[in-house]
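Text of run_24.cif (mmCIF, C-alpha atoms) as supplied:
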```cif
data_coords
loop_
_atom_site.label_atom_id
_atom_site.label_comp_id
_atom_site.auth_asym_id
_atom_site.auth_seq_id
_atom_site.Cartn_x
_atom_site.Cartn_y
_atom_site.Cartn_z
CA MET A 1 0.00 0.00 0.00
CA ASP A 2 1.57 3.27 -1.07
CA ALA A 3 1.10 6.83 0.15
CA SER A 4 -1.66 7.77 -2.28
CA GLN A 5 -3.75 4.79 -1.16
CA VAL A 6 -3.36 5.78 2.49
CA ILE A 7 -4.41 9.36 1.66
CA PHE A 8 -7.37 8.04 -0.33
CA ILE A 9 -8.59 5.81 2.50
CA LEU A 10 -8.26 8.56 5.10
CA SER A 11 -10.09 11.14 2.99
CA ALA A 12 -12.75 8.61 1.97
CA ALA A 13 -13.37 7.84 5.65
CA LEU A 14 -13.62 11.60 6.30
CA ILE A 15 -16.07 12.06 3.40
CA ILE A 16 -18.35 9.16 4.32
CA ALA A 17 -18.35 9.80 8.08
CA SER A 18 -19.13 13.51 7.62
CA ALA A 19 -21.79 12.74 4.98
CA VAL A 20 -23.52 10.37 7.41
CA MET A 21 -23.41 13.10 10.05
CA VAL A 22 -24.87 15.62 7.53
CA VAL A 23 -27.95 13.47 6.95
CA THR A 24 -28.45 12.32 10.56
CA THR A 25 -27.48 15.12 12.95
CA GLY A 26 -30.33 17.07 14.47
CA ASN A 27 -28.80 20.53 14.67
CA LEU A 28 -28.73 22.12 11.21
CA ILE A 29 -25.72 24.34 11.93
CA HIS A 30 -23.79 21.18 12.82
CA ALA A 31 -25.04 19.55 9.62
CA ALA A 32 -23.67 22.48 7.58
CA LEU A 33 -20.33 22.24 9.40
CA TRP A 34 -20.17 18.49 8.71
CA LEU A 35 -20.90 19.28 5.05
CA ILE A 36 -17.79 21.50 5.06
CA ALA A 37 -15.72 18.56 6.37
CA SER A 38 -17.12 16.31 3.66
CA LEU A 39 -16.42 18.86 0.90
CA PHE A 40 -12.88 19.24 2.20
CA GLY A 41 -12.36 15.49 1.84
CA VAL A 42 -13.54 15.74 -1.77
CA ALA A 43 -11.02 18.55 -2.35
CA ILE A 44 -8.27 16.21 -1.07
CA LEU A 45 -9.43 13.58 -3.59
CA TYR A 46 -9.19 16.14 -6.42
CA ALA A 47 -5.60 16.82 -5.35
CA VAL A 48 -4.89 13.05 -5.36
CA LEU A 49 -6.39 12.92 -8.87
CA GLU A 50 -3.93 15.68 -9.96
CA ALA A 51 -6.77 18.12 -10.67
CA GLY A 52 -5.21 20.90 -8.58
CA PHE A 53 -7.35 23.67 -10.02
CA LEU A 54 -10.53 21.82 -9.11
CA ALA A 55 -9.24 21.22 -5.58
CA VAL A 56 -8.75 24.97 -5.12
CA VAL A 57 -12.13 25.75 -6.71
CA GLN A 58 -13.76 23.19 -4.41
CA VAL A 59 -12.37 24.97 -1.34
CA VAL A 60 -13.13 28.48 -2.61
CA VAL A 61 -16.56 27.96 -4.17
CA TYR A 62 -18.05 25.08 -2.20
CA ILE A 63 -16.62 25.71 1.26
CA GLY A 64 -16.12 29.46 0.94
CA ALA A 65 -19.43 30.34 -0.70
CA ILE A 66 -22.00 27.54 -0.76
CA ALA A 67 -21.49 26.16 2.75
CA ILE A 68 -21.39 29.66 4.22
CA MET A 69 -24.64 30.46 2.41
CA PHE A 70 -26.20 27.37 4.00
CA ILE A 71 -25.14 28.61 7.44
CA PHE A 72 -26.67 32.03 6.70
CA ALA A 73 -29.92 30.40 5.59
CA VAL A 74 -30.06 28.24 8.73
CA MET A 75 -29.56 31.32 10.87
CA LEU A 76 -32.22 33.32 9.00
CA THR A 77 -34.77 30.55 9.57
CA ARG A 78 -33.54 29.63 12.99
CA LYS A 79 -36.90 29.38 14.71
CA GLU A 80 -37.04 25.85 13.32
CA MET A 81 -33.84 24.91 15.10
CA ARG A 82 -35.60 25.35 18.43
CA ASP A 83 -38.32 22.92 17.38
CA LYS A 84 -37.81 19.73 19.29
CA GLY A 85 -39.68 17.60 16.76
CA PRO A 86 -37.99 14.79 14.85
CA GLN A 87 -35.65 15.89 12.07
CA VAL A 88 -36.51 12.91 9.86
CA ASN A 89 -39.94 12.10 8.48
CA SER A 90 -41.93 8.98 9.25
CA SER A 91 -41.01 7.12 6.05
CA TRP A 92 -37.30 6.90 6.79
CA PRO A 93 -37.12 3.05 6.60
CA VAL A 94 -38.39 3.23 3.01
CA ALA A 95 -35.79 5.88 2.24
CA ALA A 96 -33.05 3.75 3.80
CA VAL A 97 -34.07 0.78 1.66
CA LEU A 98 -34.12 3.02 -1.45
CA GLY A 99 -30.65 4.33 -0.66
CA LEU A 100 -29.29 0.81 -0.17
CA LEU A 101 -31.00 -0.32 -3.39
CA THR A 102 -29.40 2.55 -5.30
CA PHE A 103 -25.97 1.62 -3.95
CA GLY A 104 -26.55 -2.06 -4.66
CA GLY A 105 -27.77 -1.34 -8.18
CA ILE A 106 -24.73 0.80 -8.98
CA TRP A 107 -22.51 -1.92 -7.46
CA VAL A 108 -24.07 -4.59 -9.71
CA ILE A 109 -23.64 -2.39 -12.80
CA PHE A 110 -19.99 -1.74 -11.91
CA SER A 111 -19.28 -5.41 -11.29
CA LYS A 112 -20.30 -6.20 -14.87
CA TRP A 113 -17.80 -3.71 -16.29
CA ASP A 114 -14.24 -4.82 -16.97
CA GLY A 115 -12.47 -1.44 -16.68
CA LEU A 116 -12.62 -1.31 -12.89
CA GLY A 117 -9.03 -2.23 -12.14
CA LYS A 118 -7.64 0.44 -14.46
CA LEU A 119 -4.63 2.36 -13.16
CA PRO A 120 -3.87 6.00 -14.01
CA ALA A 121 -1.40 6.71 -16.80
CA GLU A 122 1.27 9.38 -16.53
CA ILE A 123 -0.01 12.82 -17.51
CA ALA A 124 1.90 14.07 -20.55
CA GLY A 125 3.92 17.15 -19.56
CA GLY A 126 3.17 16.76 -15.85
CA SER A 127 0.21 18.07 -13.88
CA ASN A 128 1.16 21.72 -14.51
CA ALA A 129 0.40 21.23 -18.20
CA THR A 130 -3.19 20.28 -17.43
CA LEU A 131 -3.91 23.69 -15.91
CA ASN A 132 -2.73 25.29 -19.15
CA GLN A 133 -4.84 22.87 -21.19
CA LEU A 134 -7.86 23.55 -18.99
CA GLY A 135 -7.60 27.30 -19.57
CA VAL A 136 -7.26 26.78 -23.30
CA ALA A 137 -10.16 24.33 -23.36
CA LEU A 138 -12.45 26.73 -21.51
CA THR A 139 -11.80 29.64 -23.87
CA SER A 140 -11.09 28.01 -27.21
CA PRO A 141 -13.91 28.16 -29.79
CA ASP A 142 -12.98 24.60 -30.84
CA ALA A 143 -13.61 23.32 -27.33
CA PHE A 144 -15.86 24.50 -24.52
CA VAL A 145 -16.28 28.26 -24.85
CA LEU A 146 -20.02 27.98 -25.47
CA PRO A 147 -20.83 25.96 -22.30
CA PHE A 148 -18.54 28.31 -20.38
CA GLU A 149 -20.45 31.39 -21.52
CA VAL A 150 -23.82 29.69 -20.97
CA ALA A 151 -22.69 28.93 -17.40
CA SER A 152 -21.94 32.61 -16.84
CA VAL A 153 -25.41 33.56 -18.14
CA LEU A 154 -26.89 30.92 -15.83
CA LEU A 155 -25.05 32.41 -12.85
CA LEU A 156 -26.27 35.90 -13.76
CA ALA A 157 -29.85 34.62 -14.05
CA ALA A 158 -29.52 32.86 -10.69
CA LEU A 159 -28.16 36.05 -9.11
CA ILE A 160 -30.99 38.26 -10.39
CA GLY A 161 -33.60 35.58 -9.74
CA SER A 162 -32.58 34.93 -6.16
CA VAL A 163 -32.46 38.66 -5.38
CA TYR A 164 -35.96 39.04 -6.84
CA ILE A 165 -37.37 36.00 -5.02
CA ALA A 166 -35.94 36.93 -1.64
CA MET A 167 -36.84 40.64 -1.96
CA ASN A 168 -39.44 41.99 0.43
CA LYS A 169 -42.04 43.48 -1.88
CA LYS A 170 -43.98 45.39 0.77
CA MET B 1 -1.58 3.48 -7.42
CA ILE B 2 -5.33 3.64 -6.78
CA PRO B 3 -7.58 1.56 -9.03
CA LEU B 4 -10.50 3.35 -10.67
CA SER B 5 -13.01 1.19 -8.78
CA TRP B 6 -12.19 2.84 -5.45
CA TYR B 7 -13.40 6.20 -6.69
CA LEU B 8 -16.50 4.69 -8.29
CA TYR B 9 -17.55 2.83 -5.15
CA LEU B 10 -16.85 5.86 -2.95
CA SER B 11 -18.97 8.12 -5.13
CA ALA B 12 -21.77 5.53 -5.33
CA LEU B 13 -21.81 5.38 -1.52
CA LEU B 14 -21.75 9.17 -1.20
CA PHE B 15 -24.58 9.47 -3.75
CA SER B 16 -26.69 6.95 -1.81
CA ILE B 17 -26.12 8.80 1.47
CA GLY B 18 -27.13 12.07 -0.20
CA LEU B 19 -30.24 10.42 -1.66
CA PHE B 20 -31.16 9.12 1.79
CA GLY B 21 -30.74 12.63 3.22
CA VAL B 22 -32.95 14.15 0.51
CA LEU B 23 -35.68 11.60 1.16
CA VAL B 24 -35.76 11.61 4.96
CA ARG B 25 -35.10 15.20 6.03
CA ARG B 26 -38.04 17.35 7.09
CA ASN B 27 -36.25 20.70 6.97
CA ALA B 28 -36.01 22.11 3.42
CA ILE B 29 -32.47 23.42 3.99
CA ALA B 30 -31.34 19.95 5.07
CA ILE B 31 -32.81 18.54 1.84
CA LEU B 32 -30.57 20.94 -0.10
CA LEU B 33 -27.59 19.71 1.95
CA GLY B 34 -28.35 16.20 0.67
CA VAL B 35 -28.47 17.49 -2.91
CA GLU B 36 -25.00 18.99 -2.42
CA LEU B 37 -23.66 15.58 -1.33
CA MET B 38 -25.13 13.99 -4.48
CA LEU B 39 -23.58 16.66 -6.73
CA ASN B 40 -20.19 16.07 -5.10
CA ALA B 41 -20.49 12.33 -5.72
CA VAL B 42 -21.10 13.03 -9.41
CA ASN B 43 -18.12 15.37 -9.52
CA ILE B 44 -15.78 12.74 -8.03
CA ASN B 45 -16.87 10.39 -10.80
CA LEU B 46 -16.30 12.98 -13.54
CA VAL B 47 -12.80 13.89 -12.37
CA ALA B 48 -11.86 10.23 -11.79
CA PHE B 49 -12.92 9.30 -15.32
CA TRP B 50 -10.94 12.26 -16.67
CA ARG B 51 -7.80 11.13 -14.79
CA TYR B 52 -8.11 7.45 -15.77
CA GLY B 53 -9.18 8.14 -19.33
CA ASN B 54 -7.76 10.55 -21.85
CA THR B 55 -6.06 13.34 -19.91
CA VAL B 56 -5.29 15.37 -23.03
CA SER B 57 -8.97 16.12 -23.58
CA MET B 58 -10.15 18.27 -20.68
CA ALA B 59 -13.83 17.37 -21.05
CA GLY B 60 -14.07 15.75 -17.61
CA GLN B 61 -12.68 18.74 -15.74
CA VAL B 62 -14.74 21.20 -17.79
CA PHE B 63 -17.85 19.17 -17.01
CA ALA B 64 -16.97 19.29 -13.30
CA ILE B 65 -16.60 23.09 -13.50
CA ILE B 66 -20.03 23.37 -15.13
CA VAL B 67 -21.42 21.25 -12.27
CA PHE B 68 -19.82 23.72 -9.82
CA ALA B 69 -21.60 26.61 -11.54
CA VAL B 70 -24.93 24.79 -11.61
CA ALA B 71 -24.56 23.87 -7.91
CA ALA B 72 -23.88 27.49 -6.99
CA ALA B 73 -26.93 28.66 -8.98
CA GLU B 74 -29.10 25.93 -7.46
CA VAL B 75 -28.12 26.83 -3.92
CA ALA B 76 -28.66 30.56 -4.48
CA VAL B 77 -32.12 30.15 -5.96
CA GLY B 78 -33.10 27.30 -3.61
CA LEU B 79 -32.12 29.12 -0.44
CA SER B 80 -33.84 32.33 -1.51
CA LEU B 81 -36.99 30.32 -2.30
CA ILE B 82 -36.81 28.71 1.16
CA TYR B 83 -36.33 32.10 2.76
CA SER B 84 -39.28 33.54 0.83
CA VAL B 85 -41.46 30.60 1.89
CA TYR B 86 -40.28 31.03 5.47
CA ARG B 87 -41.32 34.71 5.51
CA ARG B 88 -44.73 33.88 4.08
CA ASN B 89 -45.59 30.69 6.01
CA ASN B 90 -43.25 30.97 9.01
CA THR B 91 -41.96 27.43 8.49
CA VAL B 92 -39.32 25.58 6.48
CA ILE B 93 -40.60 22.09 7.33
CA ALA B 94 -41.31 20.43 4.00
CA ASP B 95 -44.27 18.42 5.38
CA ASP B 96 -46.10 21.60 6.38
CA LEU B 97 -45.76 23.24 2.96
CA ASP B 98 -48.81 21.50 1.48
CA LEU B 99 -50.52 24.48 -0.14
CA MET B 100 -50.60 22.75 -3.55
CA LYS B 101 -51.50 19.34 -2.16
CA TRP B 102 -54.79 18.18 -3.57
#
```

Take the structure from the file and write it as structure tokens.
Amino acid sequence: MDASQVIFILSAALIIASAVMVVTTGNLIHAALWLIASLFGVAILYAVLEAGFLAVVQVVVYIGAIAIMFIFAVMLTRKEMRDKGPQVNSSWPVAAVLGLLTFGGIWVIFSKWDGLGKLPAEIAGGSNATLNQLGVALTSPDAFVLPFEVASVLLLAALIGSVYIAMNKK
Amino acid sequence: MIPLSWYLYLSALLFSIGLFGVLVRRNAIAILLGVELMLNAVNINLVAFWRYGNTVSMAGQVFAIIVFAVAAAEVAVGLSLIYSVYRRNNTVIADDLDLMKW
């Protein structure tokens, strides 16, 4: 077992344990904080996968913006946190079976595929070259400039839409 | 060296946990937390397939970046909807929001 496998197992344990806490803990602020731990584990996996840019974006966008926005939303609606009622609805056994079935179904599909044991090849030019290629791919007309621009329009629409929805019209 | 299957099984497990959270939670914000877990599971898959496939084509990473943008938009609109509902109905419990239930 080499170093990357040890890092993978540790971060996978962090991801899964925090994800279980996100869906089970009663206090929503704690759930948002556990989500941050889980997202950080995913950022470590991106670094192991030599996608350094995505690891940084994961920390900046997911942890720095999305998770903080969740904490703001929990605080704005915090009357619910004082409610002592159950945090899960009455049909949770059905949901647990559905979750297990989903995992089992994906497992069965994977077990029929023969590419599972594939090992990563060396990246041509080292992992610094991929950052350069990513920038070119995002802005080149031959590659992904159209989805990139559509994503920026989507973000603008989400910005204006969320301001309009949350605005107090009185 | 990590085989590809480790990433696939991890993301399948994370997706199932997120699905469970979406289905069982009563608080609407907690449902969105489950959706975030599912989106992250998908992203792990995309980046893993990029790394273990053709690394010259950046399609996997670009796809993951688009998922980031969609997740940010979804959270912004979703949380402002929840906040708007909270101001109107004074609750964010999904079971109590049955205005359109027939």

| request: In Å, rounded to a single decimal, give me how far atom CA of Ala19 of chain A is from atom CA of Ser4 of chain A. | output: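 Taking atom CA of Ser4 of chain A as the start and atom CA of Ala19 of chain A as the end point, the length is 22.0 Å.
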
Discussion item. Given the PyMOL selection byres ((chain B) within 8 of (chain A)) and the file above, list the residues it selects as an NGL selection string.
Written reply: :B and (1-5 or 9-10 or 12-21 or 23-27 or 29-30 or 33-34 or 37 or 40 or 44 or 47-48 or 51-53 or 55-56 or 58 or 61-62 or 65-66 or 68-70 or 72-77 or 79-81 or 83-84 or 86 or 91-93)

What gap, in Å, lies between atom CA of Asn43 of chain B and atom CA of Ile63 of chain A?
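Separation between atom CA of Asn43 of chain B and atom CA of Ile63 of chain A: 15.0 Å.
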
One decimal place gives the atom CA of Val85 of chain B-atom CA of Leu99 of chain B separation as 11.1 Å

Tell me, as a PyMOL selection string, which residues lie within 9 Å of Asn45 of chain B, counting only C-alpha atoms; anything in the same chain fewer than 3 positions away does not count.
-> chain B and resi 7-8+11-12+40-42+48-50
